[in-house]
Amino acid sequence: MMSMLTDVPFWTFFISVFAGYLLGVVSGLVPGIHTNNFALILLALSPVLSDYGFPLVCIAAMILSNAISHTFHDIIPSIFLGAPSSDMALAVLPGHALLLEGRGAEAIRLSALGSAGSVALALFIAVPMSLLFKIAYPFIQSHISWILLFIVFIMIMTERGEHIPGQGSLAHWKGRFYALVIFLLCGFLGMFAFSMEHLMKPFISIGEPSILLPLLSGLFGSSQLIISLMSISAIPAQLTSRMELDSKRILRGIIVGGTSGSLVAWIPGISSSVATVFARLFIKEDFDKVSSKYNGYYYEDDTVLDSAKEFIVSVSGVNTCNAIFALLALAVIGRTRSGAMVAIDGLLGDVWFDPSVIVLFMCAMSLTAILSYHSTVFLGDSIHHRLSRIDYPLLCYTVLGLLFIMCLLFTGTFGLLIFVIATPMGMIASFLKIRKSHAMGVIMMPVILYFL
C-alpha cells in the first residue's frame, strides 16, 4: 500500500486540523456541547467534504483535533462559570477555590500545561502501553467490576472528614460513613436516571441526548453556584496568571493525570471522569473540603491551594491523555471508547491501521496541542482582566438559568427533573465537610452493577 503520508496534501491536512481545533474551542467553551456532537455531524457531512477535496483521513484528523482541542478549553467554563462537562466535573471544586483566591487565570494556565504535558507523555508511553494492554485486556475485561470496587474502597477509606481539635481517632469513621452514604445516594440516583433515560424527550436534538448533562450539571455545577451565592457577593480581584507551583508537583500532576487517563481508555464503560477519581487519590490534601476566606475560613498556608493547583494539572492531563489513548485502543484492540472514535472507525474502517495513518494522527494531535495551549492561556488571561467588572451574583444566577434551560432543551422535562434532584444532593457533601468526589458514585455504581 502506498504511504498515506504522501497521498495527503499538506495544506488540506493543515486546514483539517485547524478546523477541528476551532470546533474544539467552541465545544470546550460552550457548556452542553460535546465533541461527540461534532464528531457525528462531521461523519454525516463526510460525503460533502469529500466532494470538496477532503480525503477521509483528513476528515478523521479533523474529528481527532476537535476531541483534543476540547480537552484543553473545557476547563474555562468549569472554573469561571461552574458549568462542567462530564469529564471536568471534579475540576469545578479546586478551580472554584482558586478563583475565590484570585488565581482563576493561573488555574487556566496550569490546566493548559497539564494537557500539553500529557500529550508529550502520551507520545512517549504510547508504544509500551499499547503492547501491555493488548496482553492484559482480556483479564481487565473479566475483572472490571472488582477493579472499580477496589477504587471505591480506597476513596471511602481515605476520607477523613472534618478536622475538629480534640476528637478521637474514631472521628474519621464518621467521615467515611458520610462518604459511603453520599456514594450510595448518588449511585441510586444514577441507576434511576440511566434506567429511565428513554423518558428524555429533548426539545432540541443535537446528537444523542445524554442523561449525564443534568446529572453532572446538578451535582457539580449548580450546587456549587448556589453555595457560592450563599457565601460571597463578588468575585475577588484576580492576581496575575503567572504559575506559582513547584515544578515537581507540576510534573507529578502530569504523570498521575496522564497515566490515569491512559489506563481508563482501555476499560469498557469507563470515561475519563472515573480516571479523575483515581488521580484524586494521589493528591492527599483535602482542598475540596476547605472553604476559602470568603466563606468564613482562612487557609493557614498554601498547602491546600497547591493541592488544588496540582489537581487541576492532573485532571486536565487525564482528559487529554484519555482522548489520545482512545485512539490507540481502537488501533490495538479494535474497540471504540468515545463518539469521536466511533466516527473515525466509521470513516476509515481497516484503512487507518496503516502505520503511516497513525503517524499522521500523531502529527495532528501535536499540532492541535500547540495551538490549544496558546489559545487556552490567551482566553484565560482575557477573562482574568474582565472579572473585576462582573456582577458575580448576577453571573451565578445567569449560569444557573442557562443550566436550567440547557437541561430542559437538550434532555426534556425528565432531564430537568433529574437536574432539580441532583442539585441539592450535590450540596450535601459540602455541608458534611467531606470530599465531593464521592458523588461520582452517580457513574461508578451503575457501571459496577452492570459488569457484575
# chains A, B, ... in the order shown; residues from 1 in each chain; ligands from 1
>>> residues_around(residues="Cys186 of chain A", least_positions_apart="5", cutoff="7 Å", atoms="only C-alpha atoms", output="list in words")
Ala439, Gly441 and Val442 of chain A
>>> write_last_selection(atoms="all heavy atoms", output="CSV table (one decimal), in the first residue's frame")
chain,number,residue,atom,x,y,z
A,439,ALA,N,-19.5,11.9,45.1
A,439,ALA,CA,-20.7,12.0,44.3
A,439,ALA,C,-20.5,11.3,43.0
A,439,ALA,O,-21.5,11.1,42.2
A,439,ALA,CB,-21.1,13.4,44.2
A,441,GLY,N,-20.2,8.5,42.5
A,441,GLY,CA,-20.9,7.2,42.6
A,441,GLY,C,-22.1,7.2,41.6
A,441,GLY,O,-22.6,6.2,41.2
A,442,VAL,N,-22.5,8.4,41.2
A,442,VAL,CA,-23.6,8.5,40.2
A,442,VAL,C,-23.2,7.8,38.9
A,442,VAL,O,-24.1,7.3,38.2
A,442,VAL,CB,-23.9,10.0,39.9
A,442,VAL,CG1,-22.8,10.7,39.1
A,442,VAL,CG2,-25.3,10.1,39.3
>>> residues_around(residues="Ile125 of chain A", least_positions_apart="4", cutoff="10 Å", atoms="only C-alpha atoms", output="ChimeraX atom specification")
/A:120-121,129-130,258-259,262
>>> closest_atom_pairs(of="segment 305-392 of chain A", to="segment 63-76 of chain A", cutoff="10 Å", atoms="only C-alpha atoms", output="JSON lines")
{"residue": "A:Ile312", "atom": "CA", "partner": "A:Ile75", "partner_atom": "CA", "distance": 8.8}
{"residue": "A:Val315", "atom": "CA", "partner": "A:Ile75", "partner_atom": "CA", "distance": 9.6}
{"residue": "A:Ser316", "atom": "CA", "partner": "A:Thr71", "partner_atom": "CA", "distance": 7.0}
{"residue": "A:Gly317", "atom": "CA", "partner": "A:Thr71", "partner_atom": "CA", "distance": 8.7}
{"residue": "A:Val318", "atom": "CA", "partner": "A:Thr71", "partner_atom": "CA", "distance": 9.1}
{"residue": "A:Asn319", "atom": "CA", "partner": "A:Thr71", "partner_atom": "CA", "distance": 5.8}
{"residue": "A:Thr320", "atom": "CA", "partner": "A:Thr71", "partner_atom": "CA", "distance": 5.4}
{"residue": "A:Cys321", "atom": "CA", "partner": "A:Ile68", "partner_atom": "CA", "distance": 8.8}
{"residue": "A:Asn322", "atom": "CA", "partner": "A:Thr71", "partner_atom": "CA", "distance": 9.5}
{"residue": "A:Ala323", "atom": "CA", "partner": "A:Ile68", "partner_atom": "CA", "distance": 6.5}
{"residue": "A:Ile324", "atom": "CA", "partner": "A:Ile68", "partner_atom": "CA", "distance": 7.5}
{"residue": "A:Leu327", "atom": "CA", "partner": "A:Leu64", "partner_atom": "CA", "distance": 8.5}
{"residue": "A:Ser338", "atom": "CA", "partner": "A:Ala67", "partner_atom": "CA", "distance": 9.7}
{"residue": "A:Gly339", "atom": "CA", "partner": "A:Ala67", "partner_atom": "CA", "distance": 9.6}
{"residue": "A:Ala340", "atom": "CA", "partner": "A:Ile63", "partner_atom": "CA", "distance": 6.3}
{"residue": "A:Met341", "atom": "CA", "partner": "A:Leu64", "partner_atom": "CA", "distance": 8.1}
{"residue": "A:Ala343", "atom": "CA", "partner": "A:Ile63", "partner_atom": "CA", "distance": 7.9}
{"residue": "A:Ile344", "atom": "CA", "partner": "A:Ile63", "partner_atom": "CA", "distance": 7.3}
{"residue": "A:Phe361", "atom": "CA", "partner": "A:Leu64", "partner_atom": "CA", "distance": 7.7}
{"residue": "A:Met362", "atom": "CA", "partner": "A:Leu64", "partner_atom": "CA", "distance": 9.9}
{"residue": "A:Ala364", "atom": "CA", "partner": "A:Ser65", "partner_atom": "CA", "distance": 6.5}
{"residue": "A:Met365", "atom": "CA", "partner": "A:Ser65", "partner_atom": "CA", "distance": 6.2}
{"residue": "A:Ser366", "atom": "CA", "partner": "A:Ser65", "partner_atom": "CA", "distance": 9.3}
{"residue": "A:Leu367", "atom": "CA", "partner": "A:Ser65", "partner_atom": "CA", "distance": 8.6}
{"residue": "A:Thr368", "atom": "CA", "partner": "A:Ser65", "partner_atom": "CA", "distance": 5.9}
{"residue": "A:Ala369", "atom": "CA", "partner": "A:Ser69", "partner_atom": "CA", "distance": 6.9}
{"residue": "A:Ile370", "atom": "CA", "partner": "A:Ser69", "partner_atom": "CA", "distance": 9.7}
{"residue": "A:Leu371", "atom": "CA", "partner": "A:Ser69", "partner_atom": "CA", "distance": 8.4}
{"residue": "A:Ser372", "atom": "CA", "partner": "A:Ser69", "partner_atom": "CA", "distance": 5.7}
{"residue": "A:Tyr373", "atom": "CA", "partner": "A:Phe72", "partner_atom": "CA", "distance": 7.0}
{"residue": "A:His374", "atom": "CA", "partner": "A:Phe72", "partner_atom": "CA", "distance": 10.0}
{"residue": "A:Ser375", "atom": "CA", "partner": "A:His73", "partner_atom": "CA", "distance": 8.3}
{"residue": "A:Thr376", "atom": "CA", "partner": "A:His73", "partner_atom": "CA", "distance": 5.8}
{"residue": "A:Val377", "atom": "CA", "partner": "A:His73", "partner_atom": "CA", "distance": 9.3}
{"residue": "A:Leu379", "atom": "CA", "partner": "A:Ile76", "partner_atom": "CA", "distance": 8.2}
{"residue": "A:Gly380", "atom": "CA", "partner": "A:Ile76", "partner_atom": "CA", "distance": 6.9}
{"residue": "A:Ile383", "atom": "CA", "partner": "A:Ile76", "partner_atom": "CA", "distance": 9.1}
>>> select_by_dssp(residues="segment 27-259 of chain A", states="helix (DSSP H, G or I)", output="PyMOL selection string")
chain A and resi 27-29+35-51+56-73+75-80+86-100+104-142+144-157+171-195+197-199+212-231+247-259
>>> closest_residue(among="A:Glu159, A:Glu310, A:Asp51, A:Asp391", to="Ser111 of chain A", atoms="only C-alpha atoms")
A:Glu310
>>> closest_residue(among="A:Ile448, A:Leu432, A:Phe80, A:Pro424", to="Cys396 of chain A", atoms="only C-alpha atoms")
A:Phe80
>>> atom_distance(atom1="atom CA of Phe311 of chain A", atom2="atom CA of Phe325 of chain A")
20.5 Å
>>> atom_distance(atom1="atom CA of His172 of chain A", atom2="atom CA of Phe153 of chain A")
14.8 Å
>>> atom_distance(atom1="atom CA of Trp266 of chain A", atom2="atom CA of Arg335 of chain A")
8.4 Å
